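Student: Let me begin by handing over the structure; questions about it come next.
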Amino acid sequence: MLTGRIIEADEADRIGLVLRVVTDEELQAAALKTASLIAANASWGVRMTKEVMWSQLEVGSLQAGIDLENRTQILSSMTNDMQEAVAAFLQKRPPKFGSSAAPEH
């Protein structure tokens, strides 16, 4: 990142900078597959994952980052989505997440 050097796809793949390399023809199908995997998750969890990820760029210390993640995990454990995820896992079925999953009080 500091050199600004252009890295070709094969090198990016080899050094672990990308998860996978696809051809131009495969790009749309690969993007839609990844999007469907994300969309299958609980929307609250996806939103909080993104929020914590971006917040980690600005935290002042490792402990502050750990505390933020810990808070989010605790909040997530109190959602209807968590109960559904556990039930689906135990019943060996895909989860059916609702549209609203704010933590219960």
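Following the order of the structure tokens, chains are lettered A, B, ..., residues in each are numbered from 1, and ligands are numbered from 1.
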Fewer than 4 positions away in the same chain doesn't count, so skip those; otherwise give me all residues within 9 Å of Ala85 in chain A, counting only C-alpha atoms, as a list of chain:residue names.

Tutor: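 Counting only C-alpha atoms, the residues come to A:Ala42, A:Asn80, A:Asp81, A:Phe89, A:Leu90, A:Pro94, A:Pro95, A:Lys96, A:Phe97.
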
Student: The selected residues should be written to file as a PDB file, in the first residue's frame (atoms: N, CA and C atoms).

Tutor:
ATOM      1  N   ALA A  42     -28.492 -12.689   9.005  1.00  0.00           N
ATOM      2  CA  ALA A  42     -29.382 -11.751   9.692  1.00  0.00           C
ATOM      3  C   ALA A  42     -28.962 -10.326   9.359  1.00  0.00           C
ATOM      4  N   ASN A  80     -33.674 -11.795  18.388  1.00  0.00           N
ATOM      5  CA  ASN A  80     -34.479 -12.916  17.908  1.00  0.00           C
ATOM      6  C   ASN A  80     -33.703 -13.718  16.869  1.00  0.00           C
ATOM      7  N   ASP A  81     -32.851 -13.026  16.112  1.00  0.00           N
ATOM      8  CA  ASP A  81     -32.059 -13.718  15.098  1.00  0.00           C
ATOM      9  C   ASP A  81     -31.134 -14.751  15.719  1.00  0.00           C
ATOM     10  N   PHE A  89     -29.781 -24.317  13.624  1.00  0.00           N
ATOM     11  CA  PHE A  89     -28.606 -25.184  13.724  1.00  0.00           C
ATOM     12  C   PHE A  89     -28.990 -26.523  14.355  1.00  0.00           C
ATOM     13  N   LEU A  90     -29.715 -26.472  15.463  1.00  0.00           N
ATOM     14  CA  LEU A  90     -30.099 -27.698  16.156  1.00  0.00           C
ATOM     15  C   LEU A  90     -31.047 -28.555  15.322  1.00  0.00           C
ATOM     16  N   PRO A  94     -31.883 -24.356   7.282  1.00  0.00           N
ATOM     17  CA  PRO A  94     -31.444 -22.958   7.103  1.00  0.00           C
ATOM     18  C   PRO A  94     -32.245 -22.035   8.018  1.00  0.00           C
ATOM     19  N   PRO A  95     -31.623 -20.998   8.549  1.00  0.00           N
ATOM     20  CA  PRO A  95     -32.366 -20.061   9.397  1.00  0.00           C
ATOM     21  C   PRO A  95     -33.315 -19.204   8.584  1.00  0.00           C
ATOM     22  N   LYS A  96     -34.383 -18.766   9.234  1.00  0.00           N
ATOM     23  CA  LYS A  96     -35.356 -17.860   8.620  1.00  0.00           C
ATOM     24  C   LYS A  96     -35.383 -16.600   9.466  1.00  0.00           C
ATOM     25  N   PHE A  97     -34.530 -15.641   9.089  1.00  0.00           N
ATOM     26  CA  PHE A  97     -34.413 -14.422   9.870  1.00  0.00           C
ATOM     27  C   PHE A  97     -35.531 -13.457   9.542  1.00  0.00           C
TER      28      PHE A  97
END

Student: Which residues come within 12 Å of Thr49 in chain A, counting only C-alpha atoms, excluding same-chain residues fewer than 2 positions away, as a list of chain:residue names?

Tutor: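 The contact residues come out as A:Ile38, A:Asn41, A:Ala42, A:Ser43, A:Trp44, A:Gly45, A:Val46, A:Arg47, A:Glu51, A:Val52, A:Met53, A:Trp54, A:Ser55, A:Gln56, A:Leu68, A:Glu69, A:Asn70, A:Arg71, A:Thr72, A:Gln73, A:Leu75, A:Ser76.
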
Student: Put those residues in a file: C-alpha atoms, as a JSON list (two decimals), in the first residue's frame.

Tutor:
[["chain", "number", "residue", "atom", "x", "y", "z"],
["A", 38, "ILE", "CA", -24.39, -12.08, 2.75],
["A", 41, "ASN", "CA", -27.45, -13.74, 7.12],
["A", 42, "ALA", "CA", -29.38, -11.75, 9.69],
["A", 43, "SER", "CA", -29.58, -8.14, 8.52],
["A", 44, "TRP", "CA", -28.85, -6.77, 12.01],
["A", 45, "GLY", "CA", -25.73, -8.92, 12.24],
["A", 46, "VAL", "CA", -24.50, -7.80, 8.82],
["A", 47, "ARG", "CA", -25.11, -4.15, 9.72],
["A", 51, "GLU", "CA", -20.27, -0.87, 11.73],
["A", 52, "VAL", "CA", -17.66, -2.55, 13.94],
["A", 53, "MET", "CA", -15.32, -3.15, 10.98],
["A", 54, "TRP", "CA", -15.30, 0.53, 10.04],
["A", 55, "SER", "CA", -15.16, 1.66, 13.67],
["A", 56, "GLN", "CA", -12.04, -0.42, 14.24],
["A", 68, "LEU", "CA", -16.44, -2.70, 20.98],
["A", 69, "GLU", "CA", -16.50, -6.22, 19.56],
["A", 70, "ASN", "CA", -17.48, -7.65, 22.96],
["A", 71, "ARG", "CA", -20.38, -5.20, 23.26],
["A", 72, "THR", "CA", -21.61, -6.08, 19.79],
["A", 73, "GLN", "CA", -21.41, -9.82, 20.46],
["A", 75, "LEU", "CA", -26.06, -7.31, 21.89],
["A", 76, "SER", "CA", -26.22, -9.86, 19.09]]

Student: May I ask for the distance between CA of Glu8 in chain A and CA of Val21 in chain A, given in Å to one decimal place?

Tutor: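 CA of Val21 in chain A lies at a distance of 10.4 Å from CA of Glu8 in chain A.
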
Student: Return as a VMD selection string the full set of residues in chain A whose backbone-based DSSP assignment is helix (DSSP H, G or I).

Tutor: chain A and resid 9 to 14 24 to 39 43 to 55 62 to 77 80 to 90

Student: In Å, how far is it from CA of Gln28 in chain A to CA of Ala12 in chain A?

Tutor: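 These atoms are spaced 19.8 Å apart.
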
Student: Please indicate the distance in Å from CA of Glu84 in chain A to CA of Ser36 in chain A, rounded to one decimal place.

Tutor: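 Those two atoms sit 18.9 Å apart.
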